[in-house]
Structures are given as C-alpha cells and as structure tokens.
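One file, query_39.pdb, carrying PDB, C-alpha atoms, pLDDT in the B column:
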ATOM      1  CA  MET O   3     -17.717  44.942  -4.168  1.00 68.00           C
ATOM      2  CA  ASN O   4     -14.837  44.788  -6.623  1.00 80.00           C
ATOM      3  CA  ALA O   5     -15.243  42.738  -9.756  1.00 83.00           C
ATOM      4  CA  GLU O   6     -12.332  40.614 -10.930  1.00 86.00           C
ATOM      5  CA  ILE O   7     -11.885  39.316 -14.421  1.00 90.00           C
ATOM      6  CA  VAL O   8     -10.765  35.722 -14.800  1.00 90.00           C
ATOM      7  CA  THR O   9      -8.682  35.249 -17.903  1.00 94.00           C
ATOM      8  CA  THR O  10      -7.766  32.148 -19.857  1.00 95.00           C
ATOM      9  CA  LYS O  11      -4.258  32.455 -18.439  1.00 94.00           C
ATOM     10  CA  HIS O  12      -5.648  32.358 -14.881  1.00 91.00           C
ATOM     11  CA  LEU O  13      -7.580  29.194 -15.690  1.00 93.00           C
ATOM     12  CA  THR O  14      -4.579  27.601 -17.381  1.00 95.00           C
ATOM     13  CA  ASP O  15      -2.359  28.413 -14.387  1.00 93.00           C
ATOM     14  CA  LEU O  16      -4.970  26.963 -12.025  1.00 92.00           C
ATOM     15  CA  LYS O  17      -5.230  23.789 -14.108  1.00 93.00           C
ATOM     16  CA  ASN O  18      -1.434  23.389 -14.162  1.00 92.00           C
ATOM     17  CA  ASP O  19      -1.198  23.934 -10.399  1.00 90.00           C
ATOM     18  CA  LEU O  20      -3.914  21.347  -9.751  1.00 90.00           C
ATOM     19  CA  LEU O  21      -2.293  18.794 -12.054  1.00 91.00           C
ATOM     20  CA  LYS O  22       1.064  19.338 -10.358  1.00 89.00           C
ATOM     21  CA  LYS O  23      -0.480  18.803  -6.899  1.00 87.00           C
ATOM     22  CA  LEU O  24      -2.310  15.666  -8.063  1.00 86.00           C
ATOM     23  CA  ASN O  25       0.918  14.249  -9.484  1.00 84.00           C
ATOM     24  CA  GLU O  26       2.711  14.961  -6.188  1.00 80.00           C
ATOM     25  CA  ILE O  27      -0.044  13.212  -4.234  1.00 77.00           C
ATOM     26  CA  GLU O  28       0.062  10.198  -6.561  1.00 78.00           C
ATOM     27  CA  LEU O  29       3.854   9.972  -6.298  1.00 74.00           C
ATOM     28  CA  ASN O  30       3.728  10.168  -2.487  1.00 65.00           C
ATOM     29  CA  GLN O  31       1.107   7.425  -2.356  1.00 67.00           C
ATOM     30  CA  LYS O  32       3.153   5.153  -4.587  1.00 67.00           C
ATOM     31  CA  LYS O  33       6.206   5.667  -2.378  1.00 61.00           C
ATOM     32  CA  GLY O  34       4.481   4.991   0.909  1.00 58.00           C
ATOM     33  CA  ILE O  35       1.739   2.470   0.289  1.00 52.00           C
ATOM     34  CA  LYS O  36       3.644  -0.730  -0.151  1.00 65.00           C
ATOM     35  CA  LYS O  37       5.838  -1.919   2.666  1.00 78.00           C
ATOM     36  CA  ARG O  38       8.014  -4.938   1.992  1.00 87.00           C
ATOM     37  CA  TRP O  39       7.614  -6.560   5.426  1.00 93.00           C
ATOM     38  CA  LEU O  40       4.391  -6.736   7.442  1.00 94.00           C
ATOM     39  CA  ARG O  41       3.959  -7.593  11.095  1.00 95.00           C
ATOM     40  CA  THR O  42       1.325 -10.146  12.084  1.00 96.00           C
ATOM     41  CA  GLU O  43      -1.537  -7.686  12.476  1.00 94.00           C
ATOM     42  CA  GLU O  44      -0.722  -5.946   9.198  1.00 93.00           C
ATOM     43  CA  ALA O  45      -0.397  -9.243   7.303  1.00 94.00           C
ATOM     44  CA  ALA O  46      -3.738 -10.478   8.641  1.00 95.00           C
ATOM     45  CA  GLU O  47      -5.365  -7.208   7.582  1.00 92.00           C
ATOM     46  CA  TYR O  48      -3.642  -7.359   4.181  1.00 90.00           C
ATOM     47  CA  LEU O  49      -5.092 -10.841   3.611  1.00 93.00           C
ATOM     48  CA  ASN O  50      -8.414  -9.985   5.255  1.00 94.00           C
ATOM     49  CA  ILE O  51      -8.104 -12.930   7.652  1.00 96.00           C
ATOM     50  CA  SER O  52      -7.969 -13.219  11.429  1.00 97.00           C
ATOM     51  CA  LYS O  53      -4.687 -13.368  13.339  1.00 96.00           C
ATOM     52  CA  PRO O  54      -5.421 -16.968  14.502  1.00 97.00           C
ATOM     53  CA  THR O  55      -5.917 -18.006  10.859  1.00 97.00           C
ATOM     54  CA  LEU O  56      -2.604 -16.378   9.941  1.00 97.00           C
ATOM     55  CA  LEU O  57      -0.961 -18.211  12.848  1.00 97.00           C
ATOM     56  CA  ASN O  58      -2.397 -21.485  11.536  1.00 97.00           C
ATOM     57  CA  TYR O  59      -1.030 -20.745   8.054  1.00 96.00           C
ATOM     58  CA  ARG O  60       2.384 -19.917   9.518  1.00 96.00           C
ATOM     59  CA  VAL O  61       2.541 -23.053  11.690  1.00 96.00           C
ATOM     60  CA  ASN O  62       1.508 -25.236   8.735  1.00 96.00           C
ATOM     61  CA  ASN O  63       4.044 -23.534   6.418  1.00 93.00           C
ATOM     62  CA  VAL O  64       1.353 -22.164   4.132  1.00 93.00           C
ATOM     63  CA  ILE O  65       2.724 -18.635   4.439  1.00 95.00           C
ATOM     64  CA  PRO O  66       6.453 -18.124   5.021  1.00 95.00           C
ATOM     65  CA  SER O  67       7.564 -15.779   7.768  1.00 96.00           C
ATOM     66  CA  SER O  68      10.680 -14.514   9.478  1.00 97.00           C
ATOM     67  CA  LYS O  69      11.073 -14.149  13.225  1.00 96.00           C
ATOM     68  CA  ILE O  70      13.181 -11.445  14.793  1.00 96.00           C
ATOM     69  CA  GLY O  71      13.075 -11.318  18.569  1.00 94.00           C
ATOM     70  CA  GLY O  72       9.485 -12.092  19.455  1.00 94.00           C
ATOM     71  CA  SER O  73       7.942 -10.645  16.301  1.00 95.00           C
ATOM     72  CA  TYR O  74       6.994 -12.386  13.081  1.00 97.00           C
ATOM     73  CA  TYR O  75       7.318 -10.646   9.730  1.00 97.00           C
ATOM     74  CA  TYR O  76       5.715 -11.556   6.430  1.00 97.00           C
ATOM     75  CA  ASP O  77       7.111 -10.617   3.011  1.00 94.00           C
ATOM     76  CA  VAL O  78       4.404  -8.925   0.932  1.00 90.00           C
ATOM     77  CA  GLU O  79       6.011 -10.113  -2.304  1.00 88.00           C
ATOM     78  CA  GLN O  80       5.902 -13.744  -1.118  1.00 92.00           C
ATOM     79  CA  ILE O  81       2.271 -13.369  -0.039  1.00 92.00           C
ATOM     80  CA  ASP O  82       1.357 -11.896  -3.426  1.00 89.00           C
ATOM     81  CA  LYS O  83       3.232 -14.684  -5.225  1.00 90.00           C
ATOM     82  CA  LEU O  84       1.516 -17.315  -3.092  1.00 90.00           C
ATOM     83  CA  LEU O  85      -1.876 -15.868  -3.957  1.00 90.00           C
ATOM     84  CA  THR O  86      -1.034 -15.648  -7.658  1.00 89.00           C
ATOM     85  CA  ASP O  87       0.392 -19.176  -7.818  1.00 90.00           C
ATOM     86  CA  ASN O  88      -2.693 -20.646  -6.153  1.00 87.00           C
ATOM     87  CA  LYS O  89      -5.334 -19.064  -8.389  1.00 82.00           C
ATOM     88  CA  ILE O  90      -8.116 -21.441  -9.313  1.00 83.00           C
TER      89      ILE O  90
END
Any chance you could put this one into structure tokens?
Amino acid sequence: MNAEIVTTKHLTDLKNDLLKKLNEIELNQKKGIKKRWLRTEEAAEYLNISKPTLLNYRVNNVIPSSKIGGSYYYDVEQIDKLLTDNKI
C-alpha cells in the first residue's frame, strides 16, 4: 500500500473547491426557488391550505388571481404582501 502525504496546500485547495461548489449550489437555488406565478395546486401548497379553501378565497376576492384559458394563476408577490399586510 502506497502512503500519500497530504499537505496544507492540498487541504487549502480542497477547502476552496468545496466553498466554490457550495456557492454554486446556493446561487442555483436562489435562481430557481421562487417562481412569480403559481398554478392553483402550487398556490395551495405554498399557503399550506386545501384547493377548495383557495377556491373560496379566490371567489370571495381574498386572494387575487389571473385566469388564462382554463387555468388560474396566483402572483407570489401579491400573496406575500397579503400575508404581511394582514399580520395580527
């Protein structure tokens, strides 16, 4: 079995490579996590409510939505603002 010597430079290179990969992962997550428009199922999941409850909120103009074709879309920024404005 061959012995290998690990130097400080090896450890520094490894640390730099790991930090670079972690930064790439963080950047990719920031880019892809937040969608601007959510479909009904996604909006219900985002709010942790059922789809019928979301429908009730939409019908009663609690949560604004847009309809294109047969699909409803909810603006994440408006949902977040609604939640922030109604803090108790």
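Separating CA of Leu57 (chain O) from CA of Thr42 (chain O) is a distance of 8.4 Å.
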**Fill in**
For Gln80 (chain O), the closest of O:Leu29, O:Leu56, O:Ile51, O:Leu40 counting all atoms listed in the file is O:Leu40
**Request:** Figure out the distance between CA of Tyr76 (chain O) and CA of Arg38 (chain O), please, to one decimal in Å.
**Result:** 8.3 Å
**Message:** Nearest residue to Trp39 (chain O) out of O:Asp87, O:Asp77, O:Glu6, O:Asp19, using all atoms listed in the file?
**Reply:** O:Asp77
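CA of Lys89 (chain O) is positioned 23.0 Å from CA of Pro54 (chain O).
Using only C-alpha atoms, the shortest contact distance between Leu85 (chain O) and any of O:Ile70, O:Leu24, O:Val61, O:Tyr48 is found at O:Tyr48.
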**Message:** Restricting the calculation to only C-alpha atoms: of O:Val8, O:Leu84, O:Val78, O:Leu16, which residue gets closest to Glu44 (chain O)?
**Reply:** O:Val78
**Prompt:** Care to translate the PyMOL selection byres ((chain O and resi 60) around 12) into actual residues of this file, as a list of chain:residue names?
**Reply:** O:Thr42, O:Ala45, O:Ala46, O:Lys53, O:Pro54, O:Thr55, O:Leu56, O:Leu57, O:Asn58, O:Tyr59, O:Val61, O:Asn62, O:Asn63, O:Val64, O:Ile65, O:Pro66, O:Ser67, O:Ser68, O:Lys69, O:Tyr74, O:Tyr75, O:Tyr76, O:Ile81
Quick one: axis-aligned box around all listed atoms of region 69-76 of chain O, 3 Å on every side, centre and edge lengths in Å to one decimal, written as lines of an AutoDock Vina configuration file.
center_x = 9.4
center_y = -12.4
center_z = 12.9
size_x = 13.5
size_y = 9.5
size_z = 19.0
